[in-house]
Structures are given as structure tokens and as C-alpha cells.
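K.L.:
For reference, the file data-v6.txt (compact mmCIF, C-alpha atoms and all ligand atoms) is included below:
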```txt
# COMPACT_ATOMS: atom_id res chain seq x y z
CA MET A 1 -92.16 -36.27 52.51
CA SER A 2 -91.37 -33.95 49.61
CA PRO A 3 -89.12 -30.98 50.37
CA ALA A 4 -91.01 -27.76 51.10
CA ARG A 5 -90.35 -24.68 49.03
CA ARG A 6 -89.39 -21.49 50.83
CA PRO A 7 -87.38 -18.45 49.81
CA LEU A 8 -83.59 -18.43 49.99
CA PRO A 9 -81.84 -15.70 52.00
CA PRO A 10 -81.54 -12.53 49.91
CA SER A 11 -77.77 -12.44 50.56
CA SER A 12 -77.27 -15.74 48.74
CA SER A 13 -79.94 -15.50 46.06
CA LEU A 14 -79.93 -11.94 44.70
CA PRO A 15 -77.48 -11.38 41.82
CA PRO A 16 -74.98 -8.47 41.91
CA LEU A 17 -76.69 -5.28 40.75
CA ARG A 18 -74.05 -4.76 38.07
CA SER A 19 -75.08 -8.03 36.39
CA LEU A 20 -78.81 -7.24 36.20
CA ASN A 21 -78.68 -6.79 32.44
CA ASP A 22 -77.32 -10.35 32.10
CA GLN A 23 -80.43 -11.76 33.79
CA LEU A 24 -83.56 -12.91 32.01
CA GLU A 25 -86.69 -10.87 32.60
CA SER A 26 -88.35 -13.99 34.00
CA SER A 27 -85.64 -14.52 36.63
CA ILE A 28 -85.79 -10.89 37.80
CA LEU A 29 -89.57 -11.13 38.12
CA SER A 30 -89.19 -14.43 39.96
CA LEU A 31 -86.64 -12.94 42.41
CA LEU A 32 -88.92 -9.99 43.08
CA GLY A 33 -91.78 -12.45 43.61
CA SER A 34 -89.65 -14.35 46.16
CA LEU A 35 -88.86 -11.14 48.05
CA HIS A 36 -92.53 -10.22 48.02
CA THR A 37 -93.50 -13.67 49.33
CA LEU A 38 -90.88 -13.41 52.06
CA TYR A 39 -91.48 -9.85 53.25
CA CYS A 40 -95.13 -9.22 52.36
CA PRO A 41 -96.82 -12.54 53.22
CA LEU A 42 -100.55 -12.64 52.63
CA PRO A 43 -102.69 -13.11 55.73
CA THR A 44 -104.30 -16.21 54.29
CA SER A 45 -104.43 -19.90 55.11
CA GLN A 46 -101.26 -21.98 54.84
CA ALA A 47 -102.77 -23.92 51.96
CA PHE A 48 -103.23 -20.78 49.89
CA GLU A 49 -99.72 -19.56 50.67
CA ALA A 50 -98.22 -22.89 49.62
CA ASN A 51 -100.14 -22.84 46.34
CA SER A 52 -99.30 -19.24 45.56
CA ALA A 53 -95.54 -19.54 46.04
CA PRO A 54 -93.68 -18.91 42.77
CA LYS A 55 -92.97 -22.27 41.17
CA ASP A 56 -89.33 -21.64 40.39
CA LEU A 57 -88.19 -20.66 43.87
CA PRO A 58 -84.97 -22.47 44.76
CA ILE A 59 -85.16 -24.90 47.68
CA ALA A 60 -83.55 -23.37 50.71
CA ALA A 61 -80.85 -24.99 52.79
CA ASP A 62 -80.41 -22.04 55.07
CA SER A 63 -82.52 -20.40 57.70
CA GLY A 64 -80.45 -17.49 58.90
CA TYR A 65 -79.14 -18.07 62.38
CA ALA A 66 -81.48 -20.90 63.30
CA SER A 67 -79.87 -23.99 64.76
CA ASP A 68 -82.77 -26.07 65.92
CA ASN A 69 -83.10 -28.73 63.27
CA ASP A 70 -85.77 -30.56 65.24
CA GLU A 71 -89.01 -31.73 63.75
CA ASN A 72 -90.96 -28.86 65.25
CA SER A 73 -89.13 -26.14 63.42
CA GLY A 74 -91.30 -26.09 60.32
CA ASP A 75 -90.77 -24.11 57.18
CA GLU A 76 -93.18 -21.44 58.33
CA GLU A 77 -91.08 -20.80 61.45
CA GLN A 78 -87.90 -20.74 59.36
CA GLY A 79 -89.59 -18.25 57.01
CA PHE A 80 -90.29 -16.07 60.05
CA GLU A 81 -86.64 -16.27 61.10
CA LEU A 82 -85.47 -15.23 57.67
CA ARG A 83 -87.99 -12.40 57.57
CA ASP A 84 -86.85 -11.17 61.00
CA ASP A 85 -83.16 -11.44 60.19
CA PRO A 86 -81.90 -7.82 60.14
CA TYR A 87 -78.83 -8.65 58.06
CA GLU A 88 -80.93 -10.25 55.32
CA ARG A 89 -83.43 -7.41 55.44
CA ALA A 90 -80.72 -4.76 55.16
CA PHE A 91 -79.25 -6.69 52.23
CA ALA A 92 -82.64 -6.87 50.51
CA GLU A 93 -83.24 -3.17 51.19
CA ARG A 94 -79.93 -2.17 49.58
CA TRP A 95 -80.55 -4.42 46.60
CA LEU A 96 -84.09 -3.16 46.02
CA THR A 97 -82.94 0.46 46.28
CA GLY A 98 -80.17 -0.25 43.75
CA PHE A 99 -82.62 -2.08 41.48
CA LEU A 100 -85.07 0.83 41.49
CA GLY A 101 -82.25 3.24 40.67
CA ARG A 102 -81.35 1.19 37.57
CA ALA A 103 -84.78 -0.12 36.51
CA GLU A 104 -85.48 2.49 33.82
CA ASP A 105 -82.18 1.71 32.05
CA LEU A 106 -82.30 -2.09 32.20
CA THR A 107 -82.43 -3.68 28.77
CA CYS A 108 -83.57 -7.08 29.96
CA PHE A 109 -87.26 -6.13 30.13
CA GLU A 110 -89.19 -7.07 27.02
CA SER A 111 -91.96 -4.49 27.51
CA ASP A 112 -92.65 -1.30 29.43
CA GLU A 113 -95.48 -3.12 31.12
CA SER A 114 -93.24 -5.79 32.64
CA ARG A 115 -90.68 -3.14 33.64
CA GLN A 116 -93.44 -1.21 35.42
CA GLY A 117 -94.68 -4.44 37.08
CA ALA A 118 -91.16 -5.07 38.41
CA ILE A 119 -90.83 -1.48 39.65
CA ASP A 120 -94.21 -1.72 41.42
CA LYS A 121 -93.28 -5.01 43.11
CA ALA A 122 -89.87 -3.73 44.27
CA SER A 123 -91.46 -0.52 45.58
CA SER A 124 -94.11 -2.40 47.53
CA VAL A 125 -91.50 -4.58 49.29
CA LEU A 126 -89.42 -1.50 50.14
CA ALA A 127 -92.51 0.35 51.38
CA SER A 128 -93.36 -2.61 53.63
CA PHE A 129 -89.94 -2.29 55.31
CA PHE A 130 -90.59 1.30 56.26
CA SER A 131 -94.08 0.68 57.62
CA GLN A 132 -92.82 -2.36 59.60
CA ASP A 133 -90.06 -0.24 61.11
CA GLU A 134 -92.69 1.92 62.73
CA GLU A 135 -95.05 -0.89 63.74
CA ASP A 136 -92.55 -3.44 64.97
CA LEU A 137 -90.05 -1.38 66.92
CA GLU A 138 -91.47 -2.58 70.22
CA ASP A 139 -91.86 -6.16 69.12
CA THR A 140 -88.65 -7.51 67.65
CA GLU A 141 -87.06 -9.29 70.61
CA ILE A 142 -86.90 -13.04 70.04
CA THR A 143 -86.30 -15.63 72.76
CA ARG A 144 -85.73 -19.24 71.76
CA ASP A 145 -84.69 -22.52 73.38
CA TYR A 146 -81.83 -24.28 71.60
CA HIS A 147 -81.30 -27.97 72.33
CA PHE A 148 -77.99 -29.80 71.97
CA THR A 149 -77.15 -33.47 72.53
CA LEU A 150 -74.20 -33.80 74.88
CA ASN A 151 -72.31 -37.03 74.25
CA LEU A 152 -70.82 -38.17 77.55
CA ASP A 153 -69.33 -41.43 76.28
CA SER A 154 -65.93 -39.97 75.47
CA CYS A 155 -65.56 -38.06 78.74
CA GLU A 156 -63.89 -40.65 80.96
CA ILE A 157 -66.82 -40.55 83.40
CA GLU A 158 -68.71 -43.62 84.48
CA ARG A 159 -71.49 -44.16 86.97
CA ASP A 160 -71.75 -47.66 88.55
CA GLY A 161 -69.38 -48.98 85.90
CA GLU A 162 -71.68 -47.87 83.07
CA SER A 163 -70.99 -45.29 80.42
CA MET A 164 -73.10 -42.17 80.67
CA GLY A 165 -74.66 -42.08 77.20
CA SER A 166 -75.99 -38.66 76.27
CA GLN A 167 -77.96 -35.80 77.78
CA THR A 168 -79.84 -32.88 76.28
CA ILE A 169 -78.71 -29.43 77.23
CA THR A 170 -80.93 -26.44 76.58
CA VAL A 171 -79.74 -22.88 76.15
CA GLN A 172 -82.35 -20.14 76.20
CA LEU A 173 -81.27 -17.06 74.27
CA THR A 174 -82.77 -13.71 73.56
CA ASP A 175 -81.59 -12.05 70.40
CA GLY A 176 -81.92 -8.50 71.65
CA LEU A 177 -83.22 -6.67 68.65
CA ALA A 178 -85.87 -4.62 70.47
CA GLY A 179 -85.53 -0.92 69.94
CA ARG A 180 -82.47 -1.56 67.77
CA ASP A 181 -81.16 1.49 66.03
CA ASN A 182 -80.76 0.25 62.48
CA ALA A 183 -78.02 2.78 61.86
CA ASP A 184 -75.82 1.09 64.49
CA HIS A 185 -73.83 -1.57 62.64
CA THR A 186 -71.65 -2.28 65.67
CA ASP A 187 -74.31 -4.19 67.60
CA VAL A 188 -73.92 -7.41 65.57
CA GLY A 189 -73.61 -9.26 68.88
CA LEU A 190 -77.34 -8.88 69.48
CA GLN A 191 -77.78 -11.94 67.29
CA SER A 192 -76.33 -15.46 67.52
CA TRP A 193 -74.13 -16.38 64.55
CA GLY A 194 -73.61 -19.66 62.71
CA ALA A 195 -70.10 -20.26 64.06
CA ALA A 196 -71.38 -20.23 67.64
CA PHE A 197 -73.86 -23.00 66.79
CA VAL A 198 -71.26 -25.05 64.90
CA PHE A 199 -68.81 -24.76 67.81
CA THR A 200 -71.46 -25.57 70.43
CA GLU A 201 -72.57 -28.63 68.44
CA LEU A 202 -68.94 -29.73 68.33
CA MET A 203 -68.37 -29.17 72.07
CA CYS A 204 -71.42 -31.34 72.75
CA ALA A 205 -70.64 -34.06 70.21
CA THR A 206 -66.97 -34.51 71.13
CA PRO A 207 -66.13 -32.71 74.39
CA ALA A 208 -63.00 -34.83 74.88
CA GLN A 209 -61.62 -33.88 71.46
CA LEU A 210 -61.76 -30.23 72.54
CA LYS A 211 -60.25 -31.13 75.94
CA PHE A 212 -63.43 -30.20 77.79
CA THR A 213 -62.96 -32.99 80.35
CA LYS A 214 -62.03 -33.11 84.01
CA GLY A 215 -58.78 -34.87 83.08
CA ALA A 216 -57.69 -32.00 80.88
CA LEU A 217 -59.08 -29.06 82.83
CA GLY A 218 -59.22 -30.12 86.48
CA PRO A 219 -62.24 -29.28 88.64
CA ALA A 220 -62.05 -25.46 88.55
CA PRO A 221 -60.75 -24.08 85.24
CA ARG A 222 -61.07 -20.46 84.18
CA ILE A 223 -62.57 -19.97 80.74
CA ILE A 224 -62.94 -16.63 78.97
CA GLU A 225 -65.04 -16.03 75.87
CA LEU A 226 -64.04 -13.11 73.62
CA GLY A 227 -66.74 -11.27 71.61
CA ALA A 228 -69.44 -13.40 73.22
CA GLY A 229 -72.47 -11.69 71.63
CA THR A 230 -75.63 -13.35 72.92
CA GLY A 231 -73.45 -15.77 74.92
CA LEU A 232 -74.36 -19.12 73.36
CA VAL A 233 -70.89 -20.66 73.68
CA GLY A 234 -70.18 -19.50 77.24
CA ILE A 235 -73.65 -20.42 78.50
CA ALA A 236 -73.45 -23.83 76.84
CA LEU A 237 -70.05 -24.39 78.50
CA GLY A 238 -71.64 -23.55 81.85
CA LYS A 239 -74.06 -26.40 81.24
CA ILE A 240 -71.63 -28.86 79.66
CA LEU A 241 -68.72 -28.68 82.10
CA PRO A 242 -70.49 -29.74 85.34
CA ARG A 243 -72.00 -32.66 83.42
CA VAL A 244 -68.58 -33.89 82.26
CA GLY A 245 -67.23 -33.78 85.81
CA VAL A 246 -65.72 -30.28 85.82
CA SER A 247 -67.65 -29.22 88.88
CA SER A 248 -66.61 -25.62 89.56
CA PRO A 249 -65.63 -23.80 86.38
CA THR A 250 -65.53 -20.02 86.14
CA ILE A 251 -66.73 -18.81 82.76
CA ILE A 252 -66.43 -15.15 81.84
CA ALA A 253 -68.24 -14.06 78.67
CA THR A 254 -66.88 -10.73 77.41
CA ASP A 255 -67.88 -8.17 74.81
CA PHE A 256 -67.27 -4.49 74.22
CA HIS A 257 -70.65 -3.20 73.12
CA PRO A 258 -72.81 -1.88 75.99
CA THR A 259 -76.17 -3.04 74.53
CA VAL A 260 -74.71 -6.42 73.64
CA LEU A 261 -73.29 -6.75 77.17
CA ALA A 262 -76.65 -5.94 78.75
CA ASN A 263 -78.35 -8.59 76.60
CA LEU A 264 -75.54 -11.07 77.38
CA GLU A 265 -75.95 -10.49 81.09
CA ALA A 266 -79.72 -11.03 80.84
CA ASN A 267 -79.16 -14.28 78.90
CA ILE A 268 -76.75 -15.56 81.55
CA THR A 269 -79.24 -14.76 84.33
CA LYS A 270 -82.04 -16.48 82.44
CA ASN A 271 -80.03 -19.69 82.06
CA PHE A 272 -78.47 -19.89 85.51
CA SER A 273 -81.02 -18.56 87.95
CA SER A 274 -82.89 -20.93 90.28
CA THR A 275 -86.18 -19.62 88.89
CA GLY A 276 -85.06 -20.48 85.34
CA GLN A 277 -85.92 -23.70 83.57
CA ASP A 278 -82.82 -25.67 84.66
CA LYS A 279 -83.92 -25.86 88.31
CA ASP A 280 -81.93 -28.94 89.32
CA ALA A 281 -78.71 -27.99 87.61
CA ILE A 282 -75.48 -27.28 89.45
CA PHE A 283 -74.64 -23.62 88.96
CA PRO A 284 -71.14 -22.90 87.76
CA THR A 285 -69.86 -19.34 87.97
CA VAL A 286 -70.83 -17.62 84.71
CA LEU A 287 -70.26 -13.87 84.42
CA ALA A 288 -70.41 -11.16 81.79
CA ALA A 289 -67.61 -8.59 81.67
CA PRO A 290 -66.59 -5.73 79.36
CA LEU A 291 -63.50 -6.26 77.24
CA ASN A 292 -62.38 -4.40 74.14
CA TRP A 293 -59.67 -6.32 72.23
CA GLU A 294 -58.19 -3.08 70.93
CA THR A 295 -57.67 -1.57 74.39
CA PRO A 296 -57.99 -4.49 76.81
CA ASP A 297 -58.50 -3.54 80.45
CA LEU A 298 -57.47 -6.62 82.42
CA SER A 299 -58.79 -5.53 85.79
CA PRO A 300 -60.94 -7.96 87.84
CA PRO A 301 -62.57 -10.27 86.92
CA LEU A 302 -60.16 -10.48 83.97
CA ASP A 303 -56.98 -10.11 86.04
CA LYS A 304 -56.16 -13.84 86.08
CA GLN A 305 -55.03 -15.76 83.01
CA ALA A 306 -57.37 -18.31 81.44
CA ASP A 307 -56.95 -22.04 80.98
CA VAL A 308 -59.10 -21.74 77.88
CA LEU A 309 -60.05 -18.85 75.62
CA VAL A 310 -62.93 -19.30 73.17
CA ALA A 311 -64.18 -17.03 70.39
CA THR A 312 -66.56 -17.58 67.46
CA ASP A 313 -67.07 -15.33 64.44
CA VAL A 314 -64.94 -12.51 65.77
CA ILE A 315 -62.78 -11.83 62.70
CA TYR A 316 -64.62 -9.59 60.24
CA ASP A 317 -62.33 -6.58 60.10
CA PRO A 318 -58.66 -6.59 58.98
CA GLU A 319 -57.48 -5.52 62.45
CA HIS A 320 -59.42 -8.08 64.49
CA ALA A 321 -56.95 -10.96 64.21
CA LEU A 322 -54.01 -8.85 65.43
CA TRP A 323 -55.99 -7.38 68.33
CA LEU A 324 -57.15 -10.85 69.34
CA ARG A 325 -53.62 -12.24 69.11
CA ASP A 326 -52.31 -9.52 71.41
CA CYS A 327 -55.19 -10.04 73.85
CA ALA A 328 -54.74 -13.80 73.85
CA ALA A 329 -51.01 -13.40 74.50
CA ARG A 330 -51.81 -11.51 77.71
CA MET A 331 -54.79 -13.59 78.78
CA LEU A 332 -53.78 -17.22 78.09
CA LYS A 333 -51.89 -19.36 80.60
CA PRO A 334 -48.62 -20.93 79.36
CA ASN A 335 -50.31 -24.30 78.88
CA GLY A 336 -53.72 -22.89 77.91
CA ILE A 337 -55.65 -23.38 74.66
CA PHE A 338 -57.35 -20.72 72.56
CA TRP A 339 -60.19 -22.17 70.43
CA LEU A 340 -60.94 -19.69 67.66
CA MET A 341 -63.74 -20.50 65.22
CA LEU A 342 -63.58 -18.34 62.13
CA THR A 343 -66.42 -17.74 59.71
CA VAL A 344 -65.22 -17.63 56.13
CA ARG A 345 -67.02 -15.03 54.02
CA THR A 346 -65.67 -14.72 50.52
CA THR A 347 -67.76 -11.87 49.20
CA GLY A 348 -67.81 -8.08 49.42
CA LYS A 349 -65.90 -6.30 52.13
CA PHE A 350 -65.15 -9.56 54.00
CA GLU A 351 -63.15 -11.05 51.13
CA GLY A 352 -59.67 -12.08 52.29
CA ILE A 353 -60.25 -11.32 55.98
CA SER A 354 -60.19 -15.02 56.91
CA GLU A 355 -56.55 -15.12 55.80
CA THR A 356 -55.55 -12.55 58.44
CA VAL A 357 -55.68 -15.22 61.17
CA ARG A 358 -52.72 -17.18 59.81
CA ALA A 359 -50.84 -14.01 58.94
CA SER A 360 -51.31 -12.61 62.46
CA PHE A 361 -50.73 -15.67 64.60
CA ASN A 362 -47.97 -17.28 62.56
CA GLY A 363 -46.33 -14.10 61.28
CA ARG A 364 -42.68 -13.25 61.83
CA ASP A 365 -43.40 -10.98 64.77
CA GLY A 366 -45.02 -13.82 66.75
CA LEU A 367 -45.47 -12.91 70.40
CA ARG A 368 -43.24 -14.53 73.03
CA ASN A 369 -44.26 -15.13 76.63
CA PRO A 370 -41.81 -14.76 79.57
CA GLN A 371 -40.75 -18.39 79.04
CA GLY A 372 -39.75 -17.53 75.45
CA ARG A 373 -42.61 -19.49 73.92
CA VAL A 374 -44.54 -18.20 70.89
CA LEU A 375 -48.32 -18.08 70.49
CA THR A 376 -48.94 -20.22 67.42
CA ILE A 377 -51.68 -21.96 65.48
CA LEU A 378 -51.29 -25.64 66.39
CA ASP A 379 -54.13 -27.09 64.30
CA GLU A 380 -56.77 -26.01 61.85
CA GLU A 381 -59.95 -27.90 60.96
CA ARG A 382 -62.55 -26.93 58.38
CA PHE A 383 -66.30 -27.35 58.74
CA ALA A 384 -68.88 -27.03 55.97
CA ARG A 385 -71.93 -24.95 56.80
CA PRO A 386 -74.59 -27.41 57.98
CA ASP A 387 -78.14 -27.18 56.62
CA GLY A 388 -80.24 -24.73 58.59
CA ILE A 389 -77.29 -22.93 60.22
CA GLY A 390 -75.70 -19.63 59.32
CA ARG A 391 -76.35 -17.01 56.71
CA GLY A 392 -76.07 -17.23 52.96
CA ASP A 393 -72.72 -15.44 52.80
CA GLU A 394 -71.02 -17.84 55.25
CA SER A 395 -69.15 -20.31 53.07
CA GLU A 396 -67.43 -22.43 55.75
CA TYR A 397 -66.03 -22.33 59.28
CA ARG A 398 -62.44 -22.95 60.41
CA LEU A 399 -61.52 -24.00 63.91
CA PHE A 400 -58.02 -22.97 65.03
CA ARG A 401 -56.33 -24.51 68.07
CA ILE A 402 -53.88 -21.91 69.27
CA GLY A 403 -51.33 -22.32 72.05
CA TRP A 404 -47.79 -21.52 73.23
CA VAL A 405 -44.91 -23.50 71.70
C1 LIG A 501 -70.33 -11.48 64.67
S1 LIG A 501 -70.52 -11.24 66.39
C2 LIG A 501 -70.27 -12.88 67.03
C3 LIG A 501 -70.92 -13.04 68.37
C4 LIG A 501 -70.84 -14.44 68.94
N1 LIG A 501 -69.47 -14.81 69.22
C5 LIG A 501 -71.48 -15.43 67.99
O1 LIG A 501 -70.73 -16.19 67.34
O2 LIG A 501 -72.72 -15.46 67.90
C6 LIG A 501 -68.98 -10.44 66.85
C7 LIG A 501 -68.93 -10.05 68.30
O3 LIG A 501 -67.67 -9.47 68.58
C8 LIG A 501 -67.87 -8.29 69.36
N2 LIG A 501 -66.75 -7.36 69.08
C9 LIG A 501 -66.46 -6.73 67.94
N3 LIG A 501 -65.36 -5.94 68.07
C10 LIG A 501 -64.95 -6.10 69.35
C11 LIG A 501 -63.88 -5.55 70.10
N4 LIG A 501 -63.00 -4.66 69.56
N5 LIG A 501 -63.74 -5.94 71.38
C12 LIG A 501 -64.61 -6.82 71.93
N6 LIG A 501 -65.66 -7.36 71.29
C13 LIG A 501 -65.83 -7.00 70.00
C14 LIG A 501 -69.20 -7.75 68.88
O4 LIG A 501 -69.81 -6.87 69.82
C15 LIG A 501 -69.99 -9.03 68.68
O5 LIG A 501 -70.63 -9.45 69.84
```
Take the structure in the file and give it back as C-alpha cells.

P.N.:
Amino acid sequence: MSPARRPLPPSSSLPPLRSLNDQLESSILSLLGSLHTLYCPLPTSQAFEANSAPKDLPIAADSGYASDNDENSGDEEQGFELRDDPYERAFAERWLTGFLGRAEDLTCFESDESRQGAIDKASSVLASFFSQDEEDLEDTEITRDYHFTLNLDSCEIERDGESMGSQTITVQLTDGLAGRDNADHTDVGLQSWGAAFVFTELMCATPAQLKFTKGALGPAPRIIELGAGTGLVGIALGKILPRVGVSSPTIIATDFHPTVLANLEANITKNFSSTGQDKDAIFPTVLAAPLNWETPDLSPPLDKQADVLVATDVIYDPEHALWLRDCAARMLKPNGIFWLMLTVRTTGKFEGISETVRASFNGRDGLRNPQGRVLTILDEERFARPDGIGRGDESEYRLFRIGWV
């Protein structure tokens, strides 16, 4: 089968505005054509859309925050995901606004006619954003089933002397975008991010490597997720642990944003209620709780230390790593593990932030616990961004194993 052509995410395909004069007229027109195809699709048959796609569109390897690489997730669905991705849309909106502000002065256009054509195309994409805002406000909540293959072979569990092979676990998530106030940039946890998918895939592929086994955790460990967002990691753990023999875990997914917490709570209920799809499953204790890393309130249910802390894509501000270090120092048992999966973004305001993890956890003022041990990064592993996962500005992921030494 030949690869399908679909637009790349704006964040990874649009050139910096300051370099517009270095572009060829044809590439600017092609980029505007791609944005138009993405955001103003014609209501025609699939065959016409395929034929009318600009010929020089790059082939995409990224579908926003989608993780389901299964056969059913066709290009059309991935195009929808990209179109609905608020980050990508905001990026495109800023770029188009900047483009229109500069268009009259750009020297790369060979004629006034082509300049006017470009201005018209950019204006029509921008105009479509504003009309969609009004039409779609009620209709932007997306619920999806995500499937993961849980490999039980490495988990030291056997039934009738036979290894257990693998099982599929399904996590149903709502990305709570409905009624979202676009001016609120603090509700990033209403979407699931690439790092959460990469970490969940890893937990399922090699649970023993991450010490998610009965041997390592016992039957009733306490696990706390920090900055849980939609709750993918915590909910997946609630499904994985009973299947690897950890029968009674308590998993507490925390976040600080009230709307994010409400959505998180709804996602937990959806996945662990007897009327939900997983009717025969054993129900572990999975809770949502408020926690702000900057001013942590460790009252119940967060009053007991955790055997495991987990967090994905929670470092995107220079202060985050220090806040998380101080929280972890209070919340992690002396022999506990903190799995921290960082998303590396090397552009714009995120440049350099990934380095704050090492500086904070292994800095000179490392935190000591009452036993005199220091919270330290024990291991670091890098993961490339897999096809179909994450956004265009996510260059790689780093998994830190943090503990007391
Ligand atoms: C980029 S999202 C990642 C969400 C989720 N872990 C994932 O990977 O999909 C960052 C999350 O951290 C939360 N967050 C940001 N600052 C926080 C703080 N000071 N205290 C607690 N949570 C915070 C946000 O509300 C959001 O849910």
C-alpha cells in the first residue's frame, strides 16, 4: 500500500515568520494550501479530496496526541485529530496572523496577484477558525478507546505452569475540551500528551523492567500520579496491576486545575464502574485528588507516602522541576521509586527546560530524608518519538528513575 498524503502539524511544518522572505513563493503558497486543506476541508467525496490535495505536501509521521496505531485509525481520522488539536490550531492562528501582518512587505512574491491570492487564502483559514469557535463550542469533547498490549511473560506469574502471554487493556478517555475557554492556557491537562502514551506503552511492554510486579510492589502498593491530566497513566496502572498479580493497589491521580480534575474524575469513573465496558475486571482503588506542586497540601488521601510516584510531561516551566523535587521528597517512601517521563521540546519558550531536571534533582542542594539519604536521579533512558504519537514540537522523551541514595 502506498503511503497516504496528509498535512503535517502546523507546529512542525510552518517556518519561523522572520524567515518568510527566505522562502520561495511556491512553498508559501503550498503551506497555505496545506492549512486550507486541513482546516477548511471540502464537503466532497473522499476520492475528490485525495485528488485535490496539494502534490507537494510532506508525508506526515505525526497525528497530534493520537496513540492508536491500529489498522482502523485511517488518515481521515488522523486528519480530524490534527484539525481538532487546540495546540496546533492556536499555533496556526498565530502564524497566519503574523503572516497577514507581514504579507504586504514580503519580497518573495513574484506578482501582486500571487501576493493577493496568498492573503485571501490565509484570511479564509483564519475566518474559518472564528466561525468554528461559535459553531463548535458545544461539540468539542472527544472520547476514545485506547488499546495497549500488556506483556505478562516477564511478570513472574504462571497459571498451571504456563506463561501468561499477553492481554489487551483498554483505557477510555475523554479529552475534555467542551466549553473550553481558549484564553485559559493552564488547562493543558484536558488533553492526553505524547509522554503519557510512550510511558503507558512501556509499562505494558515491560512491566517487570519498571518494577510493576507483585515481587517488587507487594499486593497493596500506594501509587501517586503527579499532574495526571486526563489520567491515562494512572487509569492504565489500575488495569495493569491486578493483571500482573498486584491485587489491591491504591492509585491516586492528582492535578491542580479544577476543570482538569473534574475531567480526570469522570475518566476514572468511566473506566472503573461496573456499568463501564470492563465489567469482569477486578476494581483496584483509583482516586482523583487535588495537589499543587508549588503549595502541596498533603492531607488525606495524600497523607501517606507512596511506593511509586509517576509523572509524564510535567516539566514545561523553569520552576516545575524544583517544585516536583520538593514534592517527591515529601511524598516518596525511603525505598520508593519516582518515574518521571520528560518531554523534550527544543524550540521557543520551552528551549532548555528539559535540562532543569538534572540541575534540580542532582544539584548541590539535594534534599536529604530523615535517614540522611538524598533524592537522586538513578537512571535516565531516552525514547524517540514514535510515529503517530505526540506533537510536532516534541523531539524526544526521557525517562528518569529517581530514588533515595
Ligand atoms: C502537559 S500536561 C500533562 C498531563 C498528563 N500527565 C499527560 O502526560 O497527558 C501537564 C499537567 O500538569 C498539571 N500541572 C501543571 N502545573 C501544576 C502544578 N503546579 N501542580 C499540579 N499539577 C500541575 C496540568 O494541570 C496538566 O494536567

K.L.:
Using CA of Leu31 (chain A) and CA of Ala122 (chain A) as the two end points, give the distance in Å to one decimal.

P.N.:
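These atoms are spaced 9.9 Å apart.
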
K.L.:
To check your reading of the model: which residues sit at most 9 Å from ligand LIG 501 (chain A) when counting all atoms listed in the file? Write the answer as an MDAnalysis selection string.

P.N.:
chainID A and resid 65 186:197 199 225:233 254:261 290:296 310:317 320 323:324 341 343

K.L.:
Please list, as a PDB file with C-alpha atoms, in the frame of the given file, the residues that have an atom at most 9 Å away from (-97.6, -9.0, 38.5) in the coordinates of this file, counting all atoms listed in the file.

P.N.:
```pdb
ATOM      1  CA  LEU A  29     -89.570 -11.130  38.120  1.00  0.00           C
ATOM      2  CA  GLY A  33     -91.780 -12.450  43.610  1.00  0.00           C
ATOM      3  CA  SER A 114     -93.240  -5.790  32.640  1.00  0.00           C
ATOM      4  CA  GLY A 117     -94.680  -4.440  37.080  1.00  0.00           C
ATOM      5  CA  ALA A 118     -91.160  -5.070  38.410  1.00  0.00           C
ATOM      6  CA  ASP A 120     -94.210  -1.720  41.420  1.00  0.00           C
ATOM      7  CA  LYS A 121     -93.280  -5.010  43.110  1.00  0.00           C
TER       8      LYS A 121
END
```

K.L.:
Between CA of Pro334 (chain A) and CA of Ala306 (chain A), what is the distance, to one decimal in Å?

P.N.:
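Atom-to-atom, CA of Pro334 (chain A) to CA of Ala306 (chain A), that is 9.4 Å.
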
K.L.:
For the atom pair CA of Thr174 (chain A) and CA of Leu150 (chain A), what is the interatomic distance in Å to one decimal place?

P.N.:
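So the answer is 21.9 Å.
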
K.L.:
For Leu210 (chain A), list every protein, DNA or RNA residue within 12 Å, evaluated using all atoms listed in the file, and leave out those in the same chain fewer than 2 positions away; present the list as a ChimeraX atom specification.

P.N.:
/A:154-155,199-208,212-217,237,241,308-310,337-340,379,381,399-402

K.L.:
Tell me which of A:Arg385, A:Ile377, A:Ala253, A:Arg368 sits closest to Asp326 (chain A), counting only C-alpha atoms.

P.N.:
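Among A:Arg385, A:Ile377, A:Ala253, A:Arg368, it is A:Arg368 that comes nearest to Asp326 (chain A).
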
K.L.:
When you count all atoms listed in the file, which of these residues is closest to Leu96 (chain A): A:Arg325, A:Lys304, A:His36, A:Arg391?

P.N.:
A:His36

K.L.:
Nearest residue to Pro386 (chain A) out of A:Arg18, A:Glu88, A:Gln23, A:Val198, using only C-alpha atoms?

P.N.:
A:Val198

K.L.:
Compile the contact shell of Ser360 (chain A) as a ChimeraX atom specification: residues with an atom at most 7 Å away, counting all atoms listed in the file, same-chain residues fewer than 3 positions apart removed.

P.N.:
/A:321-322,356-357,363

K.L.:
Can you find the residues with an atom no farther than 7 Å from (-61.2, -20.6, 85.5), counting only C-alpha atoms, and report them as a ChimeraX atom specification?

P.N.:
/A:220-223,249-251,306-307

K.L.:
Ranking A:Thr269, A:Ser13, A:Asn21, A:Thr149 by minimum distance to Asp105 (chain A) and counting only C-alpha atoms, which one comes first?

P.N.:
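Using only C-alpha atoms, Asp105 (chain A) sits closest to A:Asn21.
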
K.L.:
Just the residues within 6 Å of Ile252 (chain A), please, counting only C-alpha atoms, with nothing from its chain fewer than 5 positions along; format it as a list in words.

P.N.:
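Near Ile252 (chain A), the qualifying residues are Ile224, Val286, Leu287 and Ala288 of chain A.
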